[in-house]
Amino acid sequence: FLPVAGHEFILYDDPVYVTENKHVLGGISGEGLRWSLTATDGGSWHPLTWWSHMLDVQLFGRSAGGHHATSALLHAASGACLFWFLSGATGALRASLFVAGLFALHPLHVESVSWVSERKDVLAGFFWMLALAAYGAYVRRPLGRRFAAVTAFSVLALMSKPMAVTLPLALLLLDFWPFGRLRRPLAAGSRAVFIEKAPLLALSAVTGFVTIQAQRSAGALESLGDVPEAFRNAMLSMRVMNAVQSYVVYLRETLWPAGLTVFYPHPAHALDLRNAVLAALALAAVTTLLGLAHRRAPQLITGWLWYLITLLPVIGFLQVGEQARADRYTYLPLIGVFIMVGWSCRRAAATRPALGRHLVAAGAAVVALLGAAAVRQVGWWRDQDTVFSHAAAVTSGNYVAYRSLGDLALSRGDFVTAERYVRLEVGVTPKAPGTYTRLARALSGQGRREEAVEAYEEAIRIDPGYVIARNNLGVLLTALGRFEEADAHLRAAARLSPRIGEIHANLGDNLAAQGRSAEAAESYRRALELNPALTHAREGLERLRAAAAGGP
């Protein structure tokens with residue numbers, strides 16, 4: 001992960017979390033800290049993550065390298081804490097080192113470390129590991145102050161990323177193995193094991209509720225209540241099918257981490273019911289078999305349930321965002337799978353000592369190969385162009401990649417390349433008005449202004465209330481001398497968003513071009529009332545005054 005110190009920010013969530021967030025860019029401040037306590041930007045409540053980004057700005061400014069390095073250090077610390085916890089709880093140094101190595105170097109974890117926006121993953125993971133270590137100390141000597149430390153680290157994990165809501169359940173699994181507290185008779189205190197988790201479960205419940213409300217208010221959570229009743233069952237079925245298949249896909253990618261990328265388009269109606277049924281049957285069969293073997297191999301059912309349970313918040317039953325799945329979601333859940341592998345090898349070595357040396361060598365080779373694959377995967381995250389070019393190459397119909405590459409080309413003034421990517425996006429999302437607005441910008445930049453007008457009109461046909469398209473079309477029509485049409489669109493945009501000064505300034509330009517100076521001046525003045533820093537409107541007003549005075 002050392003190369004991340006030379007990587008850039010990417011224009012996909014990083015502006016929300018750092019590069020365009022005025023609260024974060026202010027560094028550590030009383031106002032910023034107060035804002036973070038109630039902020040739901042990004043669709044989640046995670047004040048500690050905001051503080052982490054603010055501290056990075058305080059230390060490194062807007063240099064991306066320092067932000068990336070912080071994430072890499074947190075990840076390394078989490079791997080060390082995981083080894084510390086497992087070796088202390090089990091005494092199995094080699095197996096613990098193998099699990100920590102898999103956690104630290106698996107390519108599926110590259111996204112969490114190499115993407116500044118996913119600071120919440122590595123930060124929550126760090127406090128999760130500290131909570132495990134504190135819990136191990138508490139189990140060895142049950143003192144109130146030690147459980148207070150567990151609670152404190154749990155709270156910090158929840159304040160970093162709400163996915164940590166499953167931490168109390170993970171602790172219960174550890175009570176089964178390796179601590180064995182749940183394998184004792186109830187009279188020996190197993191009831192207390194559940195009772196002591198009640199405060200942690202309550203904290204998780206509150207955090208989960210707050211997160212759902214935050215995601216709903218941010219528009220990130222797709223609610224079935226917002227969908228016509230005729231489609232609800234179909235949508236619920238799609239969510240269930242995608243969820244059960246994602247469990248299997250994550251396992252496949254754990255074994256063969258190829259084609260990993262920043263965004264996987266949701267298959268939606270392309271989901272195959274047969275594959276979903278087979279995946280569900282496979283998951284049920286594995287759970288049943290491991291459950292039957294829980295006395296002989298408790299670590300296997302513990303690891304398996306860890307994987308299933310810790311993935312639940314992000315597996316897709318509650319659909320958040322547009323993606324089918326995400327590599328970052330595996331950051332903590334795969335610890336369970338790694339435990340299954342590590343302790344299976346340890347068990348095999350114990351029953352056949354001659355096999356032990358070969359397993360150690362094989363384990364080292366696996367970790368080394370995964371590390372090499374992770375180095376390659378880290379390289380795909382070095383900048384905006386690279387990460388999304390890779391996404392477009394390894395997935396099909398990846399409209400987020402096309403959109404990002406098109407926007408990047410537009411920002412560089414490469415309108416031919418922008419048109420190519422935007423047309424690919426149109427092919428996947430033909431009903432998205434924003435896509436046609438980007439297409440219009442690409443066409444206009446090439447001088448194909450009549451085609452650009454048609455693209456803007458298509459955006460407005462799809463969404464008559466799309467202010468950006470109406471405003472941009474008004475500006476373009478003004479440039480083409482089609483003043484009456486421009487007037488209609490600009491006035492419609494002003495009615496829809498009356499407090500955007502730029503729209504009133506553009507209306508002023510259109511009126512001035514028609515010689516309607518008094519109306520134009522009024523529009524410019526209105527624009528300046530809304531935004532005194534709008535030089536466009538100020539210059540227009542000065543031109544009118546100069547013309548009225550007989551100046552140039």
# chains A, B, ... in the order shown; residues from 1 in each chain; ligands from 1
call {"tool": "residues_around", "arguments": {"residues": "range 245-247 of chain A", "least_positions_apart": "3", "cutoff": "7 Å", "atoms": "only C-alpha atoms", "output": "JSON, numbers by chain"}}
result
{"A": [241, 242, 250, 251, 276, 279, 325]}
call {"tool": "residues_around", "arguments": {"residues": "Leu281 in chain A", "least_positions_apart": "6", "cutoff": "12 Å", "atoms": "only C-alpha atoms", "output": "list in words"}}
result
Val244, Gln245, Tyr247, Val248, Arg274, Asn275, Thr287 and Thr288 of chain A
call {"tool": "atom_distance", "arguments": {"atom1": "CA of Ser404 in chain A", "atom2": "CA of Gly427 in chain A"}}
result
15.2 Å
call {"tool": "closest_atom_pairs", "arguments": {"of": "range 81-176 of chain A", "to": "range 189-213 of chain A", "cutoff": "10 Å", "atoms": "only C-alpha atoms", "output": "Markdown table"}}
result
| residue | atom | partner | partner_atom | distance |
| --- | --- | --- | --- | --- |
| A:Phe147 | CA | A:Glu196 | CA | 8.9 |
| A:Val150 | CA | A:Leu200 | CA | 9.1 |
| A:Thr151 | CA | A:Leu200 | CA | 6.8 |
| A:Ala152 | CA | A:Leu200 | CA | 9.9 |
| A:Ser154 | CA | A:Leu200 | CA | 7.5 |
| A:Val155 | CA | A:Leu203 | CA | 7.6 |
| A:Leu158 | CA | A:Thr207 | CA | 7.1 |
| A:Met159 | CA | A:Thr207 | CA | 8.5 |
| A:Lys161 | CA | A:Thr211 | CA | 9.5 |
| A:Pro162 | CA | A:Thr207 | CA | 6.4 |
| A:Met163 | CA | A:Gly208 | CA | 8.4 |
| A:Ala164 | CA | A:Ser204 | CA | 7.7 |
| A:Val165 | CA | A:Ser204 | CA | 4.5 |
| A:Thr166 | CA | A:Ser204 | CA | 7.3 |
| A:Leu167 | CA | A:Leu200 | CA | 8.2 |
| A:Pro168 | CA | A:Leu200 | CA | 5.9 |
| A:Leu169 | CA | A:Leu201 | CA | 8.2 |
| A:Leu171 | CA | A:Lys197 | CA | 8.4 |
| A:Leu172 | CA | A:Phe194 | CA | 7.6 |
| A:Asp175 | CA | A:Val193 | CA | 7.7 |
call {"tool": "write_last_selection", "arguments": {"atoms": "C-alpha atoms", "output": "JSON list (two decimals), in the first residue's frame"}}
result
[["chain", "number", "residue", "atom", "x", "y", "z"],
["A", 147, "PHE", "CA", -15.96, -3.88, 29.65],
["A", 150, "VAL", "CA", -15.08, -2.59, 25.03],
["A", 151, "THR", "CA", -18.07, -0.24, 25.06],
["A", 152, "ALA", "CA", -15.92, 2.80, 24.32],
["A", 154, "SER", "CA", -17.61, -0.07, 20.08],
["A", 155, "VAL", "CA", -18.98, 3.47, 20.22],
["A", 158, "LEU", "CA", -20.10, 3.04, 15.31],
["A", 159, "MET", "CA", -19.15, 6.72, 15.05],
["A", 161, "LYS", "CA", -19.12, 3.63, 10.14],
["A", 162, "PRO", "CA", -22.61, 2.32, 10.98],
["A", 163, "MET", "CA", -21.72, -1.11, 9.53],
["A", 164, "ALA", "CA", -20.19, -1.78, 12.97],
["A", 165, "VAL", "CA", -23.73, -2.42, 14.28],
["A", 166, "THR", "CA", -22.98, -6.15, 14.07],
["A", 167, "LEU", "CA", -20.06, -5.94, 16.52],
["A", 168, "PRO", "CA", -22.12, -7.20, 19.55],
["A", 169, "LEU", "CA", -23.15, -10.27, 17.53],
["A", 171, "LEU", "CA", -18.60, -10.78, 20.25],
["A", 172, "LEU", "CA", -21.30, -13.38, 20.94],
["A", 175, "ASP", "CA", -18.09, -16.32, 23.21]]
call {"tool": "residues_around", "arguments": {"residues": "Ala148 in chain A", "least_positions_apart": "6", "cutoff": "10 Å", "atoms": "only C-alpha atoms", "output": "compact mmCIF listing (two decimals) with C-alpha atoms, in the first residue's frame"}}
result
# COMPACT_ATOMS: atom_id res chain seq x y z
CA ALA A 134 -10.37 -5.20 24.94
CA TYR A 135 -13.00 -7.94 24.99
CA TYR A 138 -12.29 -8.66 29.75
CA SER A 154 -17.61 -0.07 20.08
call {"tool": "atom_distance", "arguments": {"atom1": "CA of Asp383 in chain A", "atom2": "CA of Ser411 in chain A"}}
result
14.6 Å
call {"tool": "residues_around", "arguments": {"residues": "Arg448 in chain A", "least_positions_apart": "5", "cutoff": "12 Å", "atoms": "only C-alpha atoms", "output": "list in words"}}
result
Phe415, Val416, Glu419, Leu439, Ala440, Arg441, Ala442, Leu443, Val453, Glu454, Ala455, Leu476 and Leu480 of chain A
call {"tool": "write_last_selection", "arguments": {"atoms": "N, CA, C and O atoms", "output": "PDB file, in the first residue's frame"}}
result
ATOM      1  N   PHE A 415     -13.701  17.069 -26.100  1.00  0.00           N
ATOM      2  CA  PHE A 415     -15.126  16.850 -26.325  1.00  0.00           C
ATOM      3  C   PHE A 415     -15.419  15.613 -27.173  1.00  0.00           C
ATOM      4  O   PHE A 415     -16.488  15.021 -27.053  1.00  0.00           O
ATOM      5  N   VAL A 416     -14.482  15.220 -28.026  1.00  0.00           N
ATOM      6  CA  VAL A 416     -14.689  14.006 -28.834  1.00  0.00           C
ATOM      7  C   VAL A 416     -14.700  12.780 -27.931  1.00  0.00           C
ATOM      8  O   VAL A 416     -15.589  11.913 -28.040  1.00  0.00           O
ATOM      9  N   GLU A 419     -17.873  12.737 -25.836  1.00  0.00           N
ATOM     10  CA  GLU A 419     -19.049  12.260 -26.564  1.00  0.00           C
ATOM     11  C   GLU A 419     -19.071  10.731 -26.624  1.00  0.00           C
ATOM     12  O   GLU A 419     -20.123  10.098 -26.454  1.00  0.00           O
ATOM     13  N   LEU A 439     -24.202  15.004 -22.881  1.00  0.00           N
ATOM     14  CA  LEU A 439     -24.049  14.826 -24.328  1.00  0.00           C
ATOM     15  C   LEU A 439     -24.142  16.178 -25.034  1.00  0.00           C
ATOM     16  O   LEU A 439     -23.349  16.461 -25.955  1.00  0.00           O
ATOM     17  N   ALA A 440     -25.067  17.015 -24.591  1.00  0.00           N
ATOM     18  CA  ALA A 440     -25.212  18.343 -25.205  1.00  0.00           C
ATOM     19  C   ALA A 440     -23.950  19.173 -25.026  1.00  0.00           C
ATOM     20  O   ALA A 440     -23.508  19.874 -25.950  1.00  0.00           O
ATOM     21  N   ARG A 441     -23.331  19.088 -23.857  1.00  0.00           N
ATOM     22  CA  ARG A 441     -22.092  19.839 -23.613  1.00  0.00           C
ATOM     23  C   ARG A 441     -20.972  19.348 -24.526  1.00  0.00           C
ATOM     24  O   ARG A 441     -20.199  20.149 -25.066  1.00  0.00           O
ATOM     25  N   ALA A 442     -20.894  18.024 -24.710  1.00  0.00           N
ATOM     26  CA  ALA A 442     -19.859  17.467 -25.581  1.00  0.00           C
ATOM     27  C   ALA A 442     -20.083  17.896 -27.035  1.00  0.00           C
ATOM     28  O   ALA A 442     -19.131  18.244 -27.751  1.00  0.00           O
ATOM     29  N   LEU A 443     -21.339  17.896 -27.483  1.00  0.00           N
ATOM     30  CA  LEU A 443     -21.647  18.292 -28.856  1.00  0.00           C
ATOM     31  C   LEU A 443     -21.416  19.785 -29.059  1.00  0.00           C
ATOM     32  O   LEU A 443     -20.854  20.212 -30.070  1.00  0.00           O
ATOM     33  N   VAL A 453     -28.760  21.278 -29.014  1.00  0.00           N
ATOM     34  CA  VAL A 453     -30.123  21.714 -28.682  1.00  0.00           C
ATOM     35  C   VAL A 453     -31.050  20.513 -28.581  1.00  0.00           C
ATOM     36  O   VAL A 453     -31.859  20.395 -27.646  1.00  0.00           O
ATOM     37  N   GLU A 454     -30.932  19.591 -29.520  1.00  0.00           N
ATOM     38  CA  GLU A 454     -31.776  18.391 -29.508  1.00  0.00           C
ATOM     39  C   GLU A 454     -31.521  17.550 -28.255  1.00  0.00           C
ATOM     40  O   GLU A 454     -32.462  16.989 -27.677  1.00  0.00           O
ATOM     41  N   ALA A 455     -30.264  17.463 -27.849  1.00  0.00           N
ATOM     42  CA  ALA A 455     -29.944  16.685 -26.645  1.00  0.00           C
ATOM     43  C   ALA A 455     -30.551  17.334 -25.405  1.00  0.00           C
ATOM     44  O   ALA A 455     -31.114  16.653 -24.538  1.00  0.00           O
ATOM     45  N   LEU A 476     -27.628  28.398 -24.701  1.00  0.00           N
ATOM     46  CA  LEU A 476     -27.268  27.986 -26.058  1.00  0.00           C
ATOM     47  C   LEU A 476     -28.183  28.645 -27.090  1.00  0.00           C
ATOM     48  O   LEU A 476     -27.713  29.127 -28.136  1.00  0.00           O
ATOM     49  N   LEU A 480     -27.446  31.228 -30.261  1.00  0.00           N
ATOM     50  CA  LEU A 480     -27.900  30.943 -31.628  1.00  0.00           C
ATOM     51  C   LEU A 480     -28.854  32.019 -32.153  1.00  0.00           C
ATOM     52  O   LEU A 480     -29.307  31.940 -33.298  1.00  0.00           O
TER      53      LEU A 480
END
call {"tool": "closest_atom_pairs", "arguments": {"of": "range 106-127 of chain A", "to": "range 258-267 of chain A", "cutoff": "10 Å", "atoms": "only C-alpha atoms", "output": "JSON lines"}}
result
{"residue": "A:Pro107", "atom": "CA", "partner": "A:Leu260", "partner_atom": "CA", "distance": 8.1}
{"residue": "A:Leu108", "atom": "CA", "partner": "A:Leu260", "partner_atom": "CA", "distance": 7.3}
{"residue": "A:Val110", "atom": "CA", "partner": "A:Leu260", "partner_atom": "CA", "distance": 9.4}
{"residue": "A:Glu111", "atom": "CA", "partner": "A:Val262", "partner_atom": "CA", "distance": 7.1}
{"residue": "A:Trp115", "atom": "CA", "partner": "A:Val262", "partner_atom": "CA", "distance": 9.2}
call {"tool": "write_last_selection", "arguments": {"atoms": "all heavy atoms", "output": "short mmCIF file (atom, residue, chain, number, x, y, z; two decimals), in the first residue's frame"}}
result
data_model
loop_
_atom_site.label_atom_id
_atom_site.label_comp_id
_atom_site.auth_asym_id
_atom_site.auth_seq_id
_atom_site.Cartn_x
_atom_site.Cartn_y
_atom_site.Cartn_z
N PRO A 107 -6.58 -8.53 -1.96
CA PRO A 107 -6.97 -7.48 -2.92
C PRO A 107 -8.37 -6.94 -2.72
O PRO A 107 -8.63 -5.78 -3.10
CB PRO A 107 -6.84 -8.19 -4.28
CG PRO A 107 -5.83 -9.26 -4.06
CD PRO A 107 -6.06 -9.74 -2.65
N LEU A 108 -9.28 -7.73 -2.16
CA LEU A 108 -10.62 -7.20 -1.92
C LEU A 108 -10.61 -6.03 -0.94
O LEU A 108 -11.57 -5.25 -0.89
CB LEU A 108 -11.53 -8.31 -1.36
CG LEU A 108 -12.22 -9.21 -2.39
CD1 LEU A 108 -12.90 -10.37 -1.69
CD2 LEU A 108 -13.22 -8.43 -3.23
N VAL A 110 -8.33 -3.61 -0.98
CA VAL A 110 -7.63 -2.47 -1.57
C VAL A 110 -8.55 -1.25 -1.66
O VAL A 110 -8.13 -0.12 -1.39
CB VAL A 110 -7.07 -2.84 -2.96
CG1 VAL A 110 -6.63 -1.60 -3.74
CG2 VAL A 110 -5.91 -3.81 -2.82
N GLU A 111 -9.81 -1.45 -2.03
CA GLU A 111 -10.73 -0.33 -2.16
C GLU A 111 -10.85 0.46 -0.86
O GLU A 111 -10.83 1.69 -0.86
CB GLU A 111 -12.10 -0.83 -2.60
CG GLU A 111 -13.14 0.28 -2.73
CD GLU A 111 -14.46 -0.22 -3.29
OE1 GLU A 111 -14.53 -0.40 -4.51
OE2 GLU A 111 -15.40 -0.45 -2.51
N TRP A 115 -9.02 4.32 -1.34
CA TRP A 115 -10.03 5.32 -1.67
C TRP A 115 -10.24 6.19 -0.44
O TRP A 115 -10.71 5.71 0.59
CB TRP A 115 -11.31 4.62 -2.09
CG TRP A 115 -12.39 5.48 -2.66
CD1 TRP A 115 -12.33 6.81 -2.94
CD2 TRP A 115 -13.70 5.06 -3.03
NE1 TRP A 115 -13.52 7.26 -3.46
CE2 TRP A 115 -14.37 6.19 -3.53
CE3 TRP A 115 -14.36 3.83 -2.99
CZ2 TRP A 115 -15.68 6.14 -3.98
CZ3 TRP A 115 -15.67 3.77 -3.44
CH2 TRP A 115 -16.32 4.91 -3.93
#
call {"tool": "residues_around", "arguments": {"residues": "Gly371 in chain A", "least_positions_apart": "6", "cutoff": "9 Å", "atoms": "only C-alpha atoms", "output": "list in words"}}
result
Gly101, Leu102, Ala104, Leu105, His106 and Pro107 of chain A
call {"tool": "closest_residue", "arguments": {"among": "A:Thr478, A:Ser444, A:Thr38, A:Asn506", "to": "Arg491 in chain A", "atoms": "only C-alpha atoms"}}
result
A:Asn506
call {"tool": "closest_residue", "arguments": {"among": "A:Leu424, A:Arg94, A:Ala432, A:Val122", "to": "Gly356 in chain A", "atoms": "only C-alpha atoms"}}
result
A:Arg94
call {"tool": "select_by_dssp", "arguments": {"residues": "range 118-365 of chain A", "states": "alpha helix (DSSP H)", "output": "ChimeraX atom specification"}}
result
/A:119-140,144-160,167-176,190-195,198-217,229-255,273-292,298-311,334-351,353-365
